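Encoded as structure tokens, the structure appears first; notes follow it.
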Amino acid sequence: MICMITFWRRKVMVQTVFIKHLSEHIGETIMIQGWLHTKRSSGKVAFLQLRDGTGFVQGVVTKAEVSEEIFARAIALTQESSLRVTGTVVKDERAPSGVELQIQDVEVVYLTHDYPITPKEHGVDFLLDHRHLWIRGPRQRAILKIRAEIIKAIRSFLDERDFTQVDPPILTPSSCEGTTTLFHTQYFDRDAYLTQSGQLYMEAAAMALGRVYSFGPTFRAEKSKTRRHLIEFWMIEPEMAYTTHEESLVIQEQLVAYIIQHVLTHCAIELKTLGRDLTKLQQVIAPFPRISYDEAITLLQKDGHEIQWGEDFGAPHEAAIVEHFSRPVFIERFPTTIKAFYMKPDPARPEVVLCADLLAPEGYGEIIGGSQRIDDPDLLAARFAEHELPEEAYAWYMDLRKYGSVPHSGFGLGLERTVAWICGLEHVRETIPFPRLLYRLYP
RNA sequence: UCCUCGAUAGCUCAGCGGUAGAGCAUCCGGCUGUUAACCGGAGGGUCGUAGGUUCGAAUCCUACUCGGGGAGCCA
């Protein structure tokens with residue numbers, strides 16, 4: 001973009017540049033449109049930390065080089081005032097990004113007063129109440145950029161492998177898995193629920209399009225209050241026709257490894273802002289270690305945990321298992337009784353199902369849950385009866401087995417947990433722009 | 001739902017039975033390389049709410065409200 005500005009009382013042409021591209025404009029006079037992040041000043045020089053969404057850069061206003069009026073305007077700037085600055089891009093070894101802006105003119109777009117989030121520390125409650133402003137900070141910006149890159153990586157990985165994106169409904173007539181608590185709402189004069197998984201619909205889509213994936217929000221009305229839980233979160237749910245459990249695992253580990261590589265190459269600045277230990281991420285190369293549920297139980301018992309075959313893992317168990325690995329680890333073949341009704345039993349051992357959870361390292365918990373699905377109509381009908389599911393509500397799902405049933409597998413990847421892990425965050429609430437938490441619906 | 005911790009200035013916290021404090025932010029002044037800048041000054045409070053104990057409660061007790069961390073459940 002080219003703008004006309006008044007510069008030293010002459011009309012001149014100045015190009016507007018995004019901060020992330022400044023290093024391509026060394027020696028040029030350009031304009032930045034953005035906000036004042038912070039300011040430090042002495043009597044004769046002012047340092048303006050500028051941001052425009054694409055990055056941060058320091059602008060220097062030297063009293064000797066600008067008019068009294070411009071210097072006074074720079075000194076009077078407040079945190080988060082919006083402004084346009086014109087200046088010369090210079091290389092400077094003292095600058096974290098390697099470049100600085102020698103400012104010649106400052107135009108105040110809006111002078112802010114009493115911006116609530118000061119450069120000092122704040123509590124979680126205060127920051128979440130001001131989430132709409134908190135996302136302006138460098139750390140939150142870095143997280144949201146990485147989230148976007150992770151989404152981009154997932155899409156390109158799947159798109160390159162002949163997957164088609166299919167969007168399942170968000171308003172549904174009933175539960176997909178029948179276990180977790182659903183958000184209830186009204187669908188005119190009928191009951192409806194917000195989706196907690198698009199999986200069953202994706203199975204229908206896979207029979208139509210072969211390889212499909214959904215990417216959308218899911219809602220769980222559970223009173224979970226931990227660093228790994230959100231009430232509203234986003235999942236990627238691929239579903240693949242003519243695909244076995246084993247083949248699905250290969251896709252899963254390749255996908256996760258691809259995401260990590262993409263973020264390492266495209267988000268170096270953001271990872272640095274977050275202070276992420278890159279060596280931990282660089283180790284994430286496929287294939288990932290796999291252990292069976294049986295082996296996991298033995299491992300836990302050896303570690304002194306009181307757990308018996310047939311019980312599900314709790315958070316402490318997952319943490320204990322993950323400690324033995326520096327990469328994500330698959331736990332395969334859980335007991336049939338503790339898993340969802342649609343999972344296919346292992347033909348060699350019907351007491352376990354062809355499923356796997358992928359546990360992220362460093363205690364970030366389960367990031368993927370997947371399985372091969374039951375393709376035999378009689379077995380599926382039997383499962384419906386065992387779980388006392390209403391057959392009429394799932395008639396369409398039964399049809400998928402009745403008409404051209406094939407072996408198929410799929411999985412769900414939790415976006416926020418993946419973002420938290422890659423960013424090295426303490427809590428998933430920072431991985432989504434406006435987190436919905438147990439006791440928080442504002443802003 | 002359960003366990004646990006907390007609520008004092010705009011923010012982060014100290015004070016834990018005897019007149020309400022600090023740092024930062026804000027405002028005023030100073031400073032030519034700051035990067036959580038620094039130095040000097042000023043303003044700023046029904047100590048979450050309601051009861052109780054006490055000569056006296058921010059402080060001790062009870063209830064409630066709101067929130068943090070964790071468990072279960074899950075991604």
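In the structure tokens, the first chain shown is A, the next is B, and so on; residue numbers restart at 1 for each chain, and ligands run from 1 in the order shown.
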
- Using only C-alpha atoms (C1' of nucleotides), select each residue of chain B with any atom at most 9 Å away from an atom of chain A, and give the selection as a list of chain:residue names.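 Residues of chain B within 9 Å of chain A, counting only C-alpha atoms (C1' of nucleotides): B:U1, B:G10, B:C11, B:U12, B:C24, B:A25, B:U26, B:G30, B:C31, B:U32, B:G33, B:U34, B:U35, B:A36, B:A37, B:G67, B:G68, B:G69, B:G70, B:A71, B:G72, B:C73, B:C74, B:A75.
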
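Considering only range 12-59 of chain A, backbone DSSP assigns strand (DSSP E or B) to Val12, Met13, Val14, Gln15, Thr16, Thr29, Ile30, Met31, Ile32, Gln33, Gly34, Trp35, Leu36, His37, Thr38, Lys39, Arg40, Ser41, Val45, Ala46, Phe47, Leu48, Gln49, Leu50, Arg51, Phe56, Val57, Gln58 and Gly59 of chain A.
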
Spatial neighbours of Ile338 in chain A, max dist 8 Å, only C-alpha atoms (C1' of nucleotides), sep filter under 3 positions, as a PyMOL selection string: chain A and resi 310-312+334-335

May I have the selected residues written with all heavy atoms, as a PDB file, in the first residue's frame?
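Writing the result to selection-v1.pdb gives the following:
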ATOM      1  N   GLY A 310      -8.540 -54.347  33.152  1.00  0.00           N
ATOM      2  CA  GLY A 310      -9.973 -54.097  33.041  1.00  0.00           C
ATOM      3  C   GLY A 310     -10.346 -52.709  33.516  1.00  0.00           C
ATOM      4  O   GLY A 310     -11.403 -52.196  33.179  1.00  0.00           O
ATOM      5  N   GLU A 311      -9.460 -52.068  34.303  1.00  0.00           N
ATOM      6  CA  GLU A 311      -9.740 -50.702  34.763  1.00  0.00           C
ATOM      7  C   GLU A 311      -9.194 -49.698  33.747  1.00  0.00           C
ATOM      8  O   GLU A 311      -8.195 -49.960  33.067  1.00  0.00           O
ATOM      9  CB  GLU A 311      -9.065 -50.455  36.117  1.00  0.00           C
ATOM     10  CG  GLU A 311      -9.657 -51.252  37.260  1.00  0.00           C
ATOM     11  CD  GLU A 311      -8.859 -51.051  38.553  1.00  0.00           C
ATOM     12  OE1 GLU A 311      -8.499 -49.895  38.833  1.00  0.00           O
ATOM     13  OE2 GLU A 311      -8.590 -52.047  39.237  1.00  0.00           O
ATOM     14  N   ASP A 312      -9.836 -48.550  33.675  1.00  0.00           N
ATOM     15  CA  ASP A 312      -9.365 -47.493  32.782  1.00  0.00           C
ATOM     16  C   ASP A 312      -8.271 -46.690  33.487  1.00  0.00           C
ATOM     17  O   ASP A 312      -8.184 -46.685  34.716  1.00  0.00           O
ATOM     18  CB  ASP A 312     -10.527 -46.578  32.380  1.00  0.00           C
ATOM     19  CG  ASP A 312     -10.278 -45.923  31.017  1.00  0.00           C
ATOM     20  OD1 ASP A 312      -9.165 -46.075  30.472  1.00  0.00           O
ATOM     21  OD2 ASP A 312     -11.199 -45.272  30.501  1.00  0.00           O
ATOM     22  N   PHE A 334      -7.455 -51.650  24.204  1.00  0.00           N
ATOM     23  CA  PHE A 334      -8.047 -51.559  25.539  1.00  0.00           C
ATOM     24  C   PHE A 334      -9.138 -52.617  25.700  1.00  0.00           C
ATOM     25  O   PHE A 334      -9.688 -53.091  24.703  1.00  0.00           O
ATOM     26  CB  PHE A 334      -8.665 -50.170  25.738  1.00  0.00           C
ATOM     27  CG  PHE A 334      -7.661 -49.085  26.046  1.00  0.00           C
ATOM     28  CD1 PHE A 334      -6.789 -48.620  25.070  1.00  0.00           C
ATOM     29  CD2 PHE A 334      -7.603 -48.509  27.314  1.00  0.00           C
ATOM     30  CE1 PHE A 334      -5.872 -47.614  25.344  1.00  0.00           C
ATOM     31  CE2 PHE A 334      -6.689 -47.503  27.590  1.00  0.00           C
ATOM     32  CZ  PHE A 334      -5.827 -47.060  26.607  1.00  0.00           C
ATOM     33  N   PRO A 335      -9.490 -52.946  26.948  1.00  0.00           N
ATOM     34  CA  PRO A 335     -10.587 -53.885  27.167  1.00  0.00           C
ATOM     35  C   PRO A 335     -11.873 -53.375  26.526  1.00  0.00           C
ATOM     36  O   PRO A 335     -12.197 -52.185  26.628  1.00  0.00           O
ATOM     37  CB  PRO A 335     -10.722 -53.925  28.693  1.00  0.00           C
ATOM     38  CG  PRO A 335      -9.389 -53.524  29.206  1.00  0.00           C
ATOM     39  CD  PRO A 335      -8.844 -52.548  28.205  1.00  0.00           C
TER      40      PRO A 335
END

Note to self: Taking 2 positions as the minimum chain separation for residues in the same chain, which residues sit within 8 Å of range 102-109 of chain A when counting only C-alpha atoms (C1' of nucleotides)? Answer as number ranges by chain.
What the structure shows: A: 7, 59-62, 65-66, 70, 73-74, 81-90, 100, 111

Between A:Leu359, A:Ile307, A:Leu379, A:Ile260, smallest distance to Ser326 in chain A by only C-alpha atoms belongs to A:Leu359

Taking only C-alpha atoms into account, which of A:Thr243, A:Ser197, A:Thr337, A:Gln283 comes nearest Glu386 in chain A?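 Comparing A:Thr243, A:Ser197, A:Thr337, A:Gln283 against Glu386 in chain A, the winner is A:Thr337.
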
Which value, in Å to one decimal, gives the distance between CA of Glu426 in chain A and CA of Gly275 in chain A?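 Taking CA of Glu426 in chain A and CA of Gly275 in chain A, their separation equals 12.7 Å.
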
Please return as a PyMOL selection string: the residues of range 195-437 of chain A that backbone DSSP assigns to helix (DSSP H, G or I). chain A and resi 199-209+245-266+268-274+278-282+293-302+315-322+336-338+377-386+395-402+415-423+428-431

C-alpha atoms of the current selection, written as an mmCIF file, in the first residue's frame:
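New file again.cif:
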data_model
loop_
_atom_site.group_PDB
_atom_site.id
_atom_site.type_symbol
_atom_site.label_atom_id
_atom_site.label_comp_id
_atom_site.auth_asym_id
_atom_site.auth_seq_id
_atom_site.Cartn_x
_atom_site.Cartn_y
_atom_site.Cartn_z
ATOM 1 C CA GLN A 199 -17.538 -39.195 14.307
ATOM 2 C CA LEU A 200 -20.689 -41.137 13.459
ATOM 3 C CA TYR A 201 -21.497 -38.650 10.702
ATOM 4 C CA MET A 202 -17.927 -38.907 9.466
ATOM 5 C CA GLU A 203 -18.362 -42.657 9.111
ATOM 6 C CA ALA A 204 -21.252 -41.924 6.761
ATOM 7 C CA ALA A 205 -19.074 -39.415 4.904
ATOM 8 C CA ALA A 206 -16.212 -41.934 4.564
ATOM 9 C CA MET A 207 -18.575 -44.358 2.829
ATOM 10 C CA ALA A 208 -19.403 -41.553 0.395
ATOM 11 C CA LEU A 209 -16.004 -39.926 -0.162
ATOM 12 C CA HIS A 245 -6.374 -50.017 12.811
ATOM 13 C CA GLU A 246 -2.682 -50.529 11.940
ATOM 14 C CA GLU A 247 -2.914 -48.309 8.861
ATOM 15 C CA SER A 248 -4.688 -45.650 10.876
ATOM 16 C CA LEU A 249 -1.874 -45.556 13.430
ATOM 17 C CA VAL A 250 0.641 -44.869 10.663
ATOM 18 C CA ILE A 251 -1.457 -41.918 9.438
ATOM 19 C CA GLN A 252 -1.741 -40.620 13.002
ATOM 20 C CA GLU A 253 1.981 -40.660 13.771
ATOM 21 C CA GLN A 254 2.852 -39.187 10.388
ATOM 22 C CA LEU A 255 0.301 -36.420 10.945
ATOM 23 C CA VAL A 256 1.655 -35.497 14.381
ATOM 24 C CA ALA A 257 5.268 -35.592 13.174
ATOM 25 C CA TYR A 258 4.271 -33.411 10.196
ATOM 26 C CA ILE A 259 2.605 -30.855 12.465
ATOM 27 C CA ILE A 260 5.730 -30.609 14.628
ATOM 28 C CA GLN A 261 8.023 -30.171 11.621
ATOM 29 C CA HIS A 262 5.725 -27.528 10.147
ATOM 30 C CA VAL A 263 5.676 -25.521 13.380
ATOM 31 C CA LEU A 264 9.450 -25.835 13.851
ATOM 32 C CA THR A 265 10.082 -24.426 10.371
ATOM 33 C CA HIS A 266 7.319 -21.786 10.254
ATOM 34 C CA ALA A 268 10.649 -20.110 15.011
ATOM 35 C CA ILE A 269 10.007 -16.568 16.288
ATOM 36 C CA GLU A 270 6.831 -17.568 18.112
ATOM 37 C CA LEU A 271 8.451 -20.600 19.758
ATOM 38 C CA LYS A 272 11.285 -18.320 20.899
ATOM 39 C CA THR A 273 8.771 -15.843 22.335
ATOM 40 C CA LEU A 274 7.285 -18.710 24.334
ATOM 41 C CA LEU A 278 12.999 -27.037 20.878
ATOM 42 C CA THR A 279 15.005 -30.188 21.550
ATOM 43 C CA LYS A 280 11.854 -31.729 23.034
ATOM 44 C CA LEU A 281 9.965 -31.076 19.782
ATOM 45 C CA GLN A 282 12.824 -32.105 17.503
ATOM 46 C CA TYR A 293 -2.928 -51.923 27.252
ATOM 47 C CA ASP A 294 -1.650 -55.164 28.829
ATOM 48 C CA GLU A 295 1.936 -53.889 28.777
ATOM 49 C CA ALA A 296 0.814 -50.560 30.194
ATOM 50 C CA ILE A 297 -0.890 -52.322 33.116
ATOM 51 C CA THR A 298 2.260 -54.350 33.801
ATOM 52 C CA LEU A 299 4.346 -51.177 33.587
ATOM 53 C CA LEU A 300 2.084 -49.376 36.066
ATOM 54 C CA GLN A 301 2.007 -52.308 38.487
ATOM 55 C CA LYS A 302 5.823 -52.458 38.359
ATOM 56 C CA ALA A 315 -4.576 -38.913 34.874
ATOM 57 C CA PRO A 316 -1.831 -40.122 37.266
ATOM 58 C CA HIS A 317 -1.575 -43.391 35.335
ATOM 59 C CA GLU A 318 -1.176 -41.617 32.013
ATOM 60 C CA ALA A 319 1.509 -39.396 33.512
ATOM 61 C CA ALA A 320 3.376 -42.433 34.848
ATOM 62 C CA ILE A 321 3.302 -44.203 31.470
ATOM 63 C CA VAL A 322 4.446 -41.136 29.552
ATOM 64 C CA THR A 336 -13.828 -53.939 25.201
ATOM 65 C CA THR A 337 -15.878 -53.194 28.323
ATOM 66 C CA ILE A 338 -14.324 -49.741 28.957
ATOM 67 C CA PRO A 377 -24.154 -55.313 11.097
ATOM 68 C CA ASP A 378 -25.052 -58.149 13.473
ATOM 69 C CA LEU A 379 -22.305 -57.307 15.940
ATOM 70 C CA LEU A 380 -23.218 -53.619 15.849
ATOM 71 C CA ALA A 381 -26.875 -54.475 16.507
ATOM 72 C CA ALA A 382 -25.777 -56.585 19.469
ATOM 73 C CA ARG A 383 -23.715 -53.666 20.841
ATOM 74 C CA PHE A 384 -26.725 -51.340 20.572
ATOM 75 C CA ALA A 385 -28.710 -53.783 22.649
ATOM 76 C CA GLU A 386 -25.940 -54.147 25.264
ATOM 77 C CA ALA A 395 -31.166 -46.308 12.122
ATOM 78 C CA TRP A 396 -29.135 -44.260 9.669
ATOM 79 C CA TYR A 397 -25.918 -45.407 11.358
ATOM 80 C CA MET A 398 -26.987 -49.037 11.022
ATOM 81 C CA ASP A 399 -27.648 -48.402 7.333
ATOM 82 C CA LEU A 400 -23.903 -47.801 6.842
ATOM 83 C CA ARG A 401 -23.360 -51.485 7.668
ATOM 84 C CA LYS A 402 -26.420 -52.648 5.818
ATOM 85 C CA LEU A 415 -6.541 -29.257 18.839
ATOM 86 C CA GLU A 416 -6.127 -27.369 22.104
ATOM 87 C CA ARG A 417 -4.141 -30.099 23.843
ATOM 88 C CA THR A 418 -1.917 -30.337 20.793
ATOM 89 C CA VAL A 419 -1.369 -26.563 20.826
ATOM 90 C CA ALA A 420 -0.669 -26.612 24.581
ATOM 91 C CA TRP A 421 1.904 -29.355 24.136
ATOM 92 C CA ILE A 422 3.693 -27.764 21.178
ATOM 93 C CA CYS A 423 3.725 -24.345 22.877
ATOM 94 C CA VAL A 428 -5.211 -25.181 27.550
ATOM 95 C CA ARG A 429 -7.121 -21.950 28.288
ATOM 96 C CA GLU A 430 -4.400 -19.967 26.479
ATOM 97 C CA THR A 431 -4.650 -22.074 23.303
#

Could you state the separation of CA of Cys355 in chain A and CA of Ile285 in chain A in Å, given to one decimal place?
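Distance between the two atoms: 21.4 Å.
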
Who sits within 12 Å of U53 in chain B, only C-alpha atoms (C1' of nucleotides), same chain under 3 positions skipped, as an mmCIF file with C-alpha atoms (C1' of nucleotides), in the first residue's frame:
data_model
loop_
_atom_site.group_PDB
_atom_site.id
_atom_site.type_symbol
_atom_site.label_atom_id
_atom_site.label_comp_id
_atom_site.auth_asym_id
_atom_site.auth_seq_id
_atom_site.Cartn_x
_atom_site.Cartn_y
_atom_site.Cartn_z
ATOM 1 C "C1'" G B 17 -6.231 -9.037 67.653
ATOM 2 C "C1'" G B 56 -11.307 -3.409 70.039
ATOM 3 C "C1'" A B 57 -11.660 -7.672 63.876
ATOM 4 C "C1'" C B 60 -10.513 -15.386 65.239
ATOM 5 C "C1'" C B 61 -15.455 -18.337 64.301
ATOM 6 C "C1'" U B 62 -19.942 -19.588 61.093
#

key: Residues near Val329 in chain A, cut-off 7 Å, only C-alpha atoms (C1' of nucleotides), skip fewer than 3 positions along chain, as a PyMOL selection string   = chain A and resi 288-290+358-360

Selection from above, C-alpha atoms, as a compact mmCIF listing (two decimals), in the first residue's frame, can you write it?
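Once written, result33.txt looks like this:
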# COMPACT_ATOMS: atom_id res chain seq x y z
CA PHE A 288 6.13 -43.54 17.67
CA PRO A 289 6.53 -46.23 20.32
CA ARG A 290 3.51 -48.48 20.81
CA LEU A 358 -1.88 -41.28 21.68
CA LEU A 359 -0.38 -39.71 24.79
CA ALA A 360 1.71 -36.59 24.34
